[in-house]
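Structure data (CSV, C-alpha atoms and all ligand atoms) from coords.csv:
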```csv
chain,number,residue,atom,x,y,z
A,244,MET,CA,5.4,-20.4,1.6
A,245,ALA,CA,4.2,-20.9,-2.0
A,246,LEU,CA,2.8,-17.3,-2.0
A,247,ARG,CA,6.1,-15.9,-0.8
A,248,ALA,CA,8.2,-17.9,-3.2
A,249,ALA,CA,5.9,-16.7,-6.0
A,250,VAL,CA,6.7,-13.1,-5.4
A,251,ARG,CA,10.3,-13.8,-5.9
A,252,ASN,CA,10.1,-16.2,-8.8
A,253,LYS,CA,8.2,-15.6,-12.0
A,254,SER,CA,7.4,-19.2,-12.9
A,255,ALA,CA,6.3,-20.0,-9.3
A,256,LEU,CA,4.1,-16.9,-9.7
A,257,SER,CA,2.5,-18.2,-12.9
A,258,ALA,CA,1.8,-21.5,-11.2
A,259,LEU,CA,0.2,-19.8,-8.3
A,260,LEU,CA,-1.9,-17.5,-10.5
A,261,SER,CA,-3.3,-20.5,-12.3
A,262,GLN,CA,-4.8,-21.5,-8.9
A,263,LEU,CA,-6.7,-18.3,-8.5
A,264,SER,CA,-10.2,-19.1,-9.3
A,265,PRO,CA,-13.0,-17.0,-10.7
A,266,CYS,CA,-16.2,-17.3,-8.8
A,267,ASN,CA,-19.5,-15.5,-8.4
A,268,SER,CA,-22.3,-14.6,-10.8
A,269,HIS,CA,-23.7,-11.5,-12.5
A,270,GLY,CA,-20.6,-11.0,-14.7
A,271,ARG,CA,-18.5,-10.1,-11.7
A,272,VAL,CA,-15.5,-12.2,-10.8
A,273,CYS,CA,-14.4,-12.6,-7.3
A,274,VAL,CA,-10.7,-13.5,-7.2
A,275,THR,CA,-9.9,-15.5,-4.1
A,276,GLN,CA,-7.0,-17.8,-3.4
A,277,ARG,CA,-7.4,-21.5,-3.0
A,278,ARG,CA,-5.2,-21.9,0.1
A,279,ASN,CA,-4.3,-25.1,1.9
A,280,ASN,CA,-4.7,-23.5,5.3
A,281,SER,CA,-7.7,-22.0,6.9
A,282,THR,CA,-6.5,-18.4,7.1
A,283,SER,CA,-9.0,-16.2,5.5
A,284,PRO,CA,-7.8,-14.0,2.6
A,285,LYS,CA,-6.5,-10.6,3.6
A,286,ILE,CA,-7.4,-9.1,0.2
A,287,LYS,CA,-10.7,-9.5,-1.6
A,288,VAL,CA,-10.9,-8.6,-5.3
A,289,ASP,CA,-14.1,-8.0,-7.2
A,290,PHE,CA,-13.5,-7.6,-10.9
A,291,ASP,CA,-16.4,-6.2,-12.9
A,292,HIS,CA,-15.6,-7.4,-16.4
A,293,SER,CA,-18.1,-5.2,-18.2
A,294,ALA,CA,-16.6,-2.0,-16.7
A,295,GLY,CA,-13.0,-3.3,-16.8
A,296,VAL,CA,-12.5,-2.2,-13.3
A,297,ALA,CA,-11.5,-4.2,-10.2
A,298,VAL,CA,-12.1,-3.2,-6.6
A,299,MET,CA,-9.5,-4.5,-4.1
A,300,ARG,CA,-10.7,-4.5,-0.5
A,301,LEU,CA,-8.1,-4.7,2.3
A,302,GLN,CA,-9.7,-7.0,4.9
A,303,SER,CA,-7.0,-7.9,7.4
A,304,PRO,CA,-8.4,-7.2,10.9
A,305,PRO,CA,-8.1,-5.3,13.0
A,306,VAL,CA,-6.3,-2.5,11.1
A,307,ASN,CA,-5.0,-3.9,7.8
A,308,SER,CA,-1.4,-3.8,9.0
A,309,MET,CA,0.8,-5.0,6.2
A,310,SER,CA,2.4,-8.2,7.3
A,311,LEU,CA,4.5,-10.4,5.0
A,312,ASP,CA,1.4,-12.5,4.2
A,313,PHE,CA,-0.7,-9.4,3.5
A,314,LEU,CA,1.9,-8.0,1.1
A,315,THR,CA,2.4,-11.3,-0.6
A,316,GLU,CA,-1.3,-11.7,-1.2
A,317,PHE,CA,-1.5,-8.1,-2.3
A,318,CYS,CA,1.2,-8.6,-4.9
A,319,VAL,CA,-0.2,-11.9,-6.2
A,320,ASN,CA,-3.6,-10.3,-6.7
A,321,LEU,CA,-2.1,-7.2,-8.3
A,322,GLU,CA,-0.1,-9.3,-10.7
A,323,LYS,CA,-3.1,-11.4,-11.7
A,324,LEU,CA,-5.1,-8.2,-12.5
A,325,GLU,CA,-2.1,-6.7,-14.3
A,326,MET,CA,-1.8,-9.7,-16.6
A,327,ASP,CA,-5.5,-9.6,-17.4
A,328,LYS,CA,-5.6,-7.1,-20.3
A,329,SER,CA,-9.4,-6.6,-19.8
A,330,CYS,CA,-8.7,-5.0,-16.4
A,331,ARG,CA,-8.0,-1.3,-17.0
A,332,GLY,CA,-8.7,0.2,-13.6
A,333,LEU,CA,-8.2,-0.7,-10.0
A,334,ILE,CA,-9.8,0.9,-6.9
A,335,ILE,CA,-8.2,0.1,-3.5
A,336,THR,CA,-10.3,0.5,-0.4
A,337,SER,CA,-10.7,-1.0,3.1
A,338,SER,CA,-13.2,-3.3,4.5
A,339,GLN,CA,-12.2,-2.5,8.1
A,340,PRO,CA,-14.1,0.3,9.9
A,341,LYS,CA,-12.3,3.6,10.4
A,342,VAL,CA,-8.9,2.4,9.1
A,343,PHE,CA,-7.6,2.2,5.5
A,344,SER,CA,-4.3,0.6,6.7
A,345,ALA,CA,-2.2,1.1,9.8
A,346,GLY,CA,0.9,0.7,7.6
A,347,LEU,CA,3.6,-1.9,7.8
A,348,ASP,CA,3.1,-4.5,10.5
A,349,ILE,CA,5.4,-3.3,13.2
A,350,MET,CA,5.7,-6.9,14.6
A,351,GLU,CA,7.4,-7.9,11.3
A,352,MET,CA,10.2,-5.5,12.2
A,353,TYR,CA,10.4,-6.1,16.0
A,354,GLY,CA,12.5,-8.9,17.4
A,355,LYS,CA,13.0,-10.6,14.1
A,356,SER,CA,16.1,-12.2,12.5
A,357,PRO,CA,17.9,-10.4,9.7
A,358,GLU,CA,16.6,-13.0,7.3
A,359,SER,CA,13.0,-12.4,8.3
A,360,CYS,CA,13.6,-8.6,8.1
A,361,GLU,CA,15.0,-9.1,4.6
A,362,GLU,CA,12.1,-11.2,3.3
A,363,PHE,CA,9.6,-8.7,4.8
A,364,TYR,CA,11.3,-5.6,3.4
A,365,ARG,CA,11.7,-7.2,0.0
A,366,ALA,CA,7.9,-7.7,-0.1
A,367,VAL,CA,7.4,-4.0,0.8
A,368,GLN,CA,9.6,-3.0,-2.1
A,369,GLU,CA,7.7,-5.4,-4.4
A,370,MET,CA,4.4,-4.0,-3.4
A,371,TRP,CA,5.6,-0.5,-4.2
A,372,LEU,CA,7.4,-1.4,-7.5
A,373,LYS,CA,4.3,-3.3,-8.8
A,374,LEU,CA,1.8,-0.7,-7.8
A,375,TYR,CA,3.8,2.4,-8.8
A,376,SER,CA,4.6,0.9,-12.3
A,377,SER,CA,1.1,-0.5,-12.8
A,378,ASN,CA,-0.4,0.0,-16.3
A,379,MET,CA,-3.8,0.1,-14.7
A,380,ILE,CA,-5.5,3.3,-13.5
A,381,THR,CA,-5.2,3.1,-9.8
A,382,ILE,CA,-7.4,5.0,-7.4
A,383,ALA,CA,-7.2,4.9,-3.6
A,384,ALA,CA,-10.6,5.1,-1.9
A,385,ILE,CA,-9.4,6.1,1.6
A,386,ASN,CA,-12.2,5.4,4.0
A,387,GLY,CA,-10.2,5.6,7.2
A,388,THR,CA,-6.9,6.5,8.8
A,389,CYS,CA,-3.9,5.9,6.7
A,390,PRO,CA,-0.5,6.3,8.4
A,391,ALA,CA,3.0,5.4,7.1
A,392,GLY,CA,2.9,2.3,4.8
A,393,GLY,CA,-0.9,2.9,4.3
A,394,CYS,CA,-0.1,6.4,3.1
A,395,LEU,CA,2.6,5.1,0.9
A,396,MET,CA,0.2,2.6,-0.7
A,397,SER,CA,-2.3,5.4,-1.4
A,398,LEU,CA,0.4,7.8,-2.7
A,399,THR,CA,1.5,5.1,-5.1
A,400,CYS,CA,-1.9,5.2,-6.8
A,401,ASP,CA,-2.8,7.7,-9.6
A,402,TYR,CA,-5.6,9.4,-7.6
A,403,ARG,CA,-6.7,9.6,-3.9
A,404,ILE,CA,-10.2,10.2,-2.7
A,405,MET,CA,-10.6,10.4,1.1
A,406,ALA,CA,-13.5,10.4,3.5
A,407,ASP,CA,-14.2,13.9,4.8
A,408,ASN,CA,-13.7,13.1,8.5
A,409,PRO,CA,-11.5,15.1,10.9
A,410,ARG,CA,-10.7,11.9,12.8
A,411,TYR,CA,-9.0,10.3,9.9
A,412,SER,CA,-5.4,11.1,9.4
A,413,ILE,CA,-2.8,10.4,6.7
A,414,GLY,CA,0.9,10.9,6.4
A,415,LEU,CA,4.4,9.4,6.7
A,416,ASN,CA,4.8,9.4,10.5
A,417,GLU,CA,7.9,7.1,10.6
A,418,THR,CA,10.0,9.5,12.6
A,419,GLN,CA,7.4,9.4,15.4
A,420,LEU,CA,8.3,5.7,15.7
A,421,GLY,CA,12.0,6.5,15.8
A,422,ILE,CA,12.5,5.1,12.3
A,423,VAL,CA,13.3,6.7,8.9
A,424,ALA,CA,11.1,6.5,5.8
A,425,PRO,CA,13.1,4.9,3.0
A,426,PHE,CA,14.2,7.1,0.1
A,427,TRP,CA,11.5,5.8,-2.2
A,428,PHE,CA,8.8,6.6,0.3
A,429,LYS,CA,10.2,10.1,0.4
A,430,ASP,CA,10.4,10.3,-3.4
A,431,THR,CA,6.8,9.2,-3.8
A,432,MET,CA,5.7,11.9,-1.5
A,433,VAL,CA,7.9,14.5,-3.1
A,434,ASN,CA,6.4,13.5,-6.5
A,435,THR,CA,3.0,14.2,-5.0
A,436,VAL,CA,3.3,17.3,-2.8
A,437,GLY,CA,6.7,18.7,-3.5
A,438,HIS,CA,10.0,19.0,-1.7
A,439,ARG,CA,9.4,21.5,1.0
A,440,THR,CA,6.1,20.0,2.2
A,441,THR,CA,7.7,16.6,2.2
A,442,GLU,CA,10.8,17.7,4.1
A,443,MET,CA,8.7,19.2,6.9
A,444,ALA,CA,6.2,16.3,7.0
A,445,LEU,CA,8.9,13.7,7.1
A,446,GLU,CA,11.1,15.3,9.7
A,447,LEU,CA,8.2,15.9,12.0
A,448,GLY,CA,6.4,12.7,11.2
A,449,LEU,CA,3.2,14.7,10.5
A,450,LEU,CA,-0.2,13.1,10.2
A,451,TYR,CA,-2.7,15.3,8.5
A,452,ASN,CA,-6.4,15.2,9.0
A,453,SER,CA,-8.5,15.0,5.8
A,454,SER,CA,-8.9,18.7,5.1
A,455,GLU,CA,-5.3,19.4,5.8
A,456,ALA,CA,-4.4,16.6,3.5
A,457,LEU,CA,-6.5,18.0,0.7
A,458,LYS,CA,-4.9,21.5,1.3
A,459,ILE,CA,-1.4,20.2,0.7
A,460,GLY,CA,-2.4,17.9,-2.2
A,461,LEU,CA,-1.7,14.7,-0.3
A,462,VAL,CA,-5.2,13.6,-1.4
A,463,ASP,CA,-7.1,14.9,-4.4
A,464,LYS,CA,-10.7,15.0,-3.2
A,465,LEU,CA,-12.8,14.7,0.0
A,466,VAL,CA,-16.3,13.3,0.0
A,467,PRO,CA,-18.6,12.1,2.7
A,468,GLU,CA,-17.6,8.7,3.9
A,469,ASP,CA,-20.5,6.8,2.4
A,470,GLN,CA,-19.6,8.3,-1.1
A,471,VAL,CA,-16.0,7.4,-1.2
A,472,LEU,CA,-16.4,4.3,-3.3
A,473,THR,CA,-19.1,5.7,-5.7
A,474,THR,CA,-16.9,8.8,-6.2
A,475,ALA,CA,-13.9,6.5,-7.0
A,476,THR,CA,-16.0,4.7,-9.5
A,477,GLN,CA,-17.2,7.9,-11.2
A,478,THR,CA,-13.7,9.3,-11.2
A,479,MET,CA,-12.5,6.0,-12.8
A,480,THR,CA,-14.9,6.6,-15.7
A,481,LYS,CA,-13.2,9.9,-16.5
A,482,TRP,CA,-9.8,8.3,-16.5
A,483,LEU,CA,-11.0,5.4,-18.6
A,484,ALA,CA,-12.0,7.8,-21.3
A,485,ILE,CA,-8.3,8.5,-22.0
A,486,PRO,CA,-6.7,6.1,-24.5
A,487,ASP,CA,-4.7,3.5,-22.5
A,488,HIS,CA,-1.5,3.6,-24.5
A,489,ALA,CA,-1.2,7.4,-24.2
A,490,ARG,CA,-2.0,7.4,-20.5
A,491,GLN,CA,0.4,4.5,-19.8
A,492,ILE,CA,3.3,6.0,-21.6
A,493,THR,CA,2.8,9.3,-19.8
A,494,LYS,CA,2.6,7.6,-16.4
A,495,SER,CA,5.8,5.7,-17.2
A,496,MET,CA,7.5,8.9,-18.3
A,497,MET,CA,6.5,10.5,-15.0
A,498,ARG,CA,7.4,7.6,-12.7
A,499,LYS,CA,10.3,5.7,-14.4
A,500,PRO,CA,13.2,7.7,-12.9
A,501,THR,CA,11.8,7.1,-9.4
A,502,ILE,CA,11.3,3.4,-10.1
A,503,ASP,CA,14.7,3.0,-11.7
A,504,LYS,CA,16.3,4.5,-8.6
A,505,LEU,CA,15.0,1.8,-6.4
A,506,THR,CA,15.5,-1.0,-8.9
A,507,SER,CA,19.2,-0.1,-9.3
A,508,ASN,CA,19.7,0.2,-5.6
A,509,ARG,CA,17.4,-2.5,-4.3
A,510,GLU,CA,20.0,-4.8,-2.7
A,511,ALA,CA,21.8,-1.9,-1.0
A,512,ASP,CA,18.4,-0.6,0.2
A,513,ILE,CA,17.6,-4.0,1.8
A,514,GLN,CA,21.0,-4.2,3.5
A,515,ASN,CA,20.6,-0.6,4.8
A,516,PHE,CA,17.1,-1.5,6.2
A,517,ILE,CA,18.4,-4.7,7.9
A,518,SER,CA,21.4,-3.0,9.6
A,519,PHE,CA,19.1,-0.1,10.7
A,520,ILE,CA,16.1,-2.0,12.0
A,521,THR,CA,18.2,-4.6,13.9
A,522,LYS,CA,20.1,-2.0,15.9
A,523,ASP,CA,19.3,-2.2,19.6
A,524,SER,CA,18.4,1.5,19.8
A,525,ILE,CA,15.9,1.1,17.0
A,526,GLN,CA,14.4,-2.0,18.4
A,527,LYS,CA,14.0,-0.1,21.7
A,528,SER,CA,12.1,2.7,19.9
A,529,LEU,CA,9.8,0.2,18.3
A,530,ARG,CA,9.1,-1.5,21.6
A,531,VAL,CA,8.3,1.9,23.2
A,532,TYR,CA,5.9,2.7,20.3
A,533,VAL,CA,4.1,-0.7,20.5
A,534,GLU,CA,3.7,-0.2,24.3
A,535,MET,CA,2.3,3.2,23.7
A,536,LEU,CA,-0.2,1.8,21.2
A,537,LYS,CA,-1.3,-0.8,23.8
A,538,LYS,CA,-1.5,1.8,26.7
A,539,ARG,CA,-3.5,4.2,24.6
A,540,LYS,CA,-6.0,1.4,24.0
A,541,GLY,CA,-6.4,0.8,27.8
B,601,LIG,N1,1.5,-3.0,13.1
B,601,LIG,C1,1.2,-4.0,14.0
B,601,LIG,N2,0.2,-3.9,14.8
B,601,LIG,C2,-0.6,-2.8,14.8
B,601,LIG,C3,-0.3,-1.7,14.0
B,601,LIG,C4,0.8,-1.8,13.1
B,601,LIG,N3,1.2,-0.9,12.2
B,601,LIG,N4,-1.2,-0.7,14.2
B,601,LIG,C5,-2.0,-1.2,15.2
B,601,LIG,N5,-1.6,-2.4,15.5
B,601,LIG,C6,-2.3,-3.2,16.5
B,601,LIG,C7,-2.4,-2.6,17.9
B,601,LIG,O1,-1.2,-2.7,18.7
B,601,LIG,C8,-3.6,-3.3,18.5
B,601,LIG,O2,-3.1,-4.6,18.9
B,601,LIG,P1,-3.8,-5.3,20.2
B,601,LIG,O3,-5.3,-5.4,19.8
B,601,LIG,O4,-3.1,-6.6,20.3
B,601,LIG,O5,-3.6,-4.4,21.4
B,601,LIG,C9,-4.5,-3.5,17.3
B,601,LIG,O6,-3.6,-3.4,16.1
B,601,LIG,C10,-5.6,-2.5,17.1
B,601,LIG,O7,-5.0,-1.2,17.2
B,601,LIG,P2,-5.7,0.0,17.9
B,601,LIG,O8,-6.4,-0.5,19.2
B,601,LIG,O9,-4.6,1.1,18.1
B,601,LIG,O10,-6.8,0.4,16.9
B,601,LIG,P3,-7.5,1.9,16.7
B,601,LIG,O11,-8.6,1.6,15.8
B,601,LIG,O12,-7.8,2.5,18.0
B,601,LIG,O13,-6.4,2.8,15.9
B,601,LIG,C11,-4.7,3.2,14.3
B,601,LIG,C12,-6.0,2.5,14.6
B,601,LIG,C13,-5.0,4.7,14.3
B,601,LIG,C14,-4.3,2.8,12.9
B,601,LIG,C15,-3.7,2.9,15.4
B,601,LIG,O14,-3.6,1.5,15.6
B,601,LIG,C16,-2.3,3.3,15.0
B,601,LIG,O15,-2.0,4.5,15.1
B,601,LIG,N6,-1.4,2.3,14.7
B,601,LIG,C17,0.0,2.6,14.4
B,601,LIG,C18,0.1,3.2,13.0
B,601,LIG,C19,1.6,3.4,12.7
B,601,LIG,O16,2.2,4.3,13.3
B,601,LIG,N7,2.1,2.7,11.7
B,601,LIG,C20,3.5,2.8,11.3
B,601,LIG,C21,4.0,1.5,10.8
B,601,LIG,S1,5.7,1.7,10.2
B,601,LIG,C22,5.4,1.9,8.5
B,601,LIG,O17,4.4,1.6,8.0
B,601,LIG,C23,6.6,2.3,7.6
B,601,LIG,C24,7.9,1.8,8.0
B,601,LIG,C25,8.9,2.1,6.9
B,601,LIG,C26,10.2,1.3,7.0
B,601,LIG,C27,11.1,1.9,7.9
B,601,LIG,C28,12.5,1.5,7.6
B,601,LIG,C29,13.5,1.8,8.7
```
Is it possible to give me this structure as structure tokens?
Ligand code: CO8
Amino acid sequence: MALRAAVRNKSALSALLSQLSPCNSHGRVCVTQRRNNSTSPKIKVDFDHSAGVAVMRLQSPPVNSMSLDFLTEFCVNLEKLEMDKSCRGLIITSSQPKVFSAGLDIMEMYGKSPESCEEFYRAVQEMWLKLYSSNMITIAAINGTCPAGGCLMSLTCDYRIMADNPRYSIGLNETQLGIVAPFWFKDTMVNTVGHRTTEMALELGLLYNSSEALKIGLVDKLVPEDQVLTTATQTMTKWLAIPDHARQITKSMMRKPTIDKLTSNREADIQNFISFITKDSIQKSLRVYVEMLKKRKG
């Protein structure tokens, strides 16, 4: 609960951040949370002080689905790095085999009260607002499949490197679940690949394999899977060579209108989500999709 309150409240956030402890040796700092329960952290951050670059590993088995706890932990860690002026770059990758992130945790949207839906959706907005407006250089090292919310998280970064593997897919596939990508998901994709490609991709809920994703500019580079992280580190060096203030102002100039659009419509967007997701027909679509996932497994 403290984590969740922290995302909503700045002073609670500062108190919580002060509990985050540096550990480890060799000049690297591993930021983990001192938690009162036994749940293992869903996010692991290694901050290399000498390079000024942090690597954030998504480690929420089995598929890094973004639950409320996951998103809250993500935001707290991001805020901590953002406040540390020595951290200039952030690489986001997955510790789970074959999956970067399965997107939003569907179970947070299925059979939940309007209050729970609100808390969850607010956390999704918060993740996007924090990451899209980050002063850090952000690189997604996509080492697995990356649908829906996972795709959004990577699109929100400055640069995307994906494993060259035809079995890995990426895209905003919401319509396949019978749901609609929020306008700021759509805007983030439009800002990356343009209007026409986004229109078709979103209407059809397309998931692209890695080479298709490169072709439409959904990702910037493909490399063999075992080189995703090293390539992200090398790419980071290139971006670090640009003076921070000039790059940050430019990033803000490019992204501010999109960010302002959500900031000024945030409450209406939440109400819209609640009334949509709690509809019987939408709940039925989610149930069918979850059953399909389970059947496919068997
Ligand atoms: N949320 C919750 N549980 C999930 C999710 C998810 N997104 N994805 C998978 N799981 C569960 C599975 O049901 C399964 O559970 P169990 O073990 O209990 O049967 C377990 O995770 C493992 O899944 P798989 O066996 O399917 O694992 P695979 O390695 O075979 O496949 C995939 C991994 C490809 C990621 C596959 O799980 C998959 O396709 N998942 C669904 C991905 C998806 O469609 N996500 C969309 C989520 S919606 C979203 O992100 C944006 C919503 C925007 C808001 C809308 C406003 C209206």
**Within-7 Å residues of ligand LIG 601 (chain B), basis only C-alpha atoms and all ligand atoms, as a PyMOL selection string** = chain A and resi 305-306+308+341-342+344-350+388-393+416-417+420+422-425+516+519-520+533+536-537+540
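One distance worth recording is that between CA of Asp430 (chain A) and CA of Asn307 (chain A), which is 23.8 Å.
A straight line drawn from CA of Cys330 (chain A) to CA of Ala366 (chain A) is 23.4 Å long.
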**Request:** Figure out the distance between CA of Val436 (chain A) and CA of Thr336 (chain A), please, to one decimal in Å.
**Result:**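 Interatomic distance here is 21.7 Å.
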**Residue nearest Leu374 (chain A) - candidates A:Ile502, A:Leu301, A:Leu465, A:Met352, atoms counted: all atoms listed in the file** = A:Ile502
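Among the candidates A:Glu446, A:Arg365, A:Ala406, A:Ile525, the residue lying nearest to Gln470 (chain A) is A:Ala406 (atoms considered: all atoms listed in the file).
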**Message:** I need the residue nearest Ser495 (chain A) from this list: A:Ser356, A:Ser412, A:Asn378, A:Ser293. Use only C-alpha atoms for the distance.
**Reply:**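 The closest residue to Ser495 (chain A) is A:Asn378.
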**Request:** Can you work out which one of A:Thr381, A:Thr399, A:Gln339, A:Ser329 has the shortest atom-to-atom distance to Met479 (chain A), counting all atoms listed in the file?
**Result:** A:Thr381
**Complete:** Phe363 (chain A) proximity check over A:Tyr451, A:Phe313, A:Tyr532, A:Phe290, using all atoms listed in the file: winner is A:Phe313
Can you rebuild region 310-318 of chain A with all heavy atoms and give it as a short mmCIF file (atom, residue, chain, number, x, y, z; two decimals), keeping the file's coordinate frame?
```
data_model
loop_
_atom_site.label_atom_id
_atom_site.label_comp_id
_atom_site.auth_asym_id
_atom_site.auth_seq_id
_atom_site.Cartn_x
_atom_site.Cartn_y
_atom_site.Cartn_z
N SER A 310 1.48 -7.14 6.91
CA SER A 310 2.40 -8.20 7.30
C SER A 310 2.99 -8.81 6.00
O SER A 310 2.56 -8.45 4.89
CB SER A 310 1.63 -9.30 8.02
OG SER A 310 0.64 -9.82 7.15
N LEU A 311 3.92 -9.73 6.15
CA LEU A 311 4.50 -10.40 5.00
C LEU A 311 3.38 -11.12 4.19
O LEU A 311 3.32 -11.03 2.96
CB LEU A 311 5.58 -11.38 5.41
CG LEU A 311 6.23 -12.19 4.30
CD1 LEU A 311 6.86 -11.28 3.25
CD2 LEU A 311 7.28 -13.14 4.89
N ASP A 312 2.50 -11.80 4.90
CA ASP A 312 1.40 -12.50 4.20
C ASP A 312 0.48 -11.55 3.48
O ASP A 312 0.06 -11.81 2.36
CB ASP A 312 0.58 -13.35 5.21
CG ASP A 312 1.34 -14.59 5.65
OD1 ASP A 312 2.33 -14.95 4.99
OD2 ASP A 312 0.94 -15.20 6.66
N PHE A 313 0.18 -10.45 4.13
CA PHE A 313 -0.70 -9.40 3.50
C PHE A 313 -0.05 -8.91 2.22
O PHE A 313 -0.69 -8.86 1.17
CB PHE A 313 -0.88 -8.28 4.52
CG PHE A 313 -1.68 -7.10 4.01
CD1 PHE A 313 -3.01 -6.94 4.37
CD2 PHE A 313 -1.09 -6.14 3.18
CE1 PHE A 313 -3.74 -5.84 3.91
CE2 PHE A 313 -1.82 -5.06 2.72
CZ PHE A 313 -3.14 -4.91 3.08
N LEU A 314 1.22 -8.54 2.31
CA LEU A 314 1.90 -8.00 1.10
C LEU A 314 2.02 -8.98 0.01
O LEU A 314 1.88 -8.64 -1.17
CB LEU A 314 3.31 -7.49 1.55
CG LEU A 314 3.33 -6.26 2.47
CD1 LEU A 314 4.69 -6.13 3.14
CD2 LEU A 314 2.99 -5.00 1.69
N THR A 315 2.26 -10.22 0.39
CA THR A 315 2.40 -11.30 -0.60
C THR A 315 1.09 -11.48 -1.35
O THR A 315 1.05 -11.54 -2.58
CB THR A 315 2.89 -12.57 0.05
OG1 THR A 315 4.05 -12.29 0.82
CG2 THR A 315 3.21 -13.63 -0.97
N GLU A 316 0.03 -11.53 -0.58
CA GLU A 316 -1.30 -11.70 -1.20
C GLU A 316 -1.64 -10.50 -2.07
O GLU A 316 -2.20 -10.65 -3.15
CB GLU A 316 -2.33 -11.78 -0.05
CG GLU A 316 -3.20 -13.01 -0.15
CD GLU A 316 -4.21 -13.05 0.97
OE1 GLU A 316 -3.88 -13.60 2.03
OE2 GLU A 316 -5.32 -12.53 0.78
N PHE A 317 -1.29 -9.32 -1.58
CA PHE A 317 -1.50 -8.10 -2.30
C PHE A 317 -0.83 -8.18 -3.70
O PHE A 317 -1.43 -7.93 -4.75
CB PHE A 317 -1.04 -6.89 -1.55
CG PHE A 317 -1.30 -5.57 -2.22
CD1 PHE A 317 -2.47 -4.87 -1.98
CD2 PHE A 317 -0.37 -5.03 -3.10
CE1 PHE A 317 -2.72 -3.66 -2.62
CE2 PHE A 317 -0.61 -3.82 -3.75
CZ PHE A 317 -1.79 -3.14 -3.50
N CYS A 318 0.44 -8.56 -3.67
CA CYS A 318 1.20 -8.60 -4.90
C CYS A 318 0.70 -9.65 -5.88
O CYS A 318 0.64 -9.41 -7.10
CB CYS A 318 2.70 -8.88 -4.60
SG CYS A 318 3.54 -7.47 -3.90
#
```
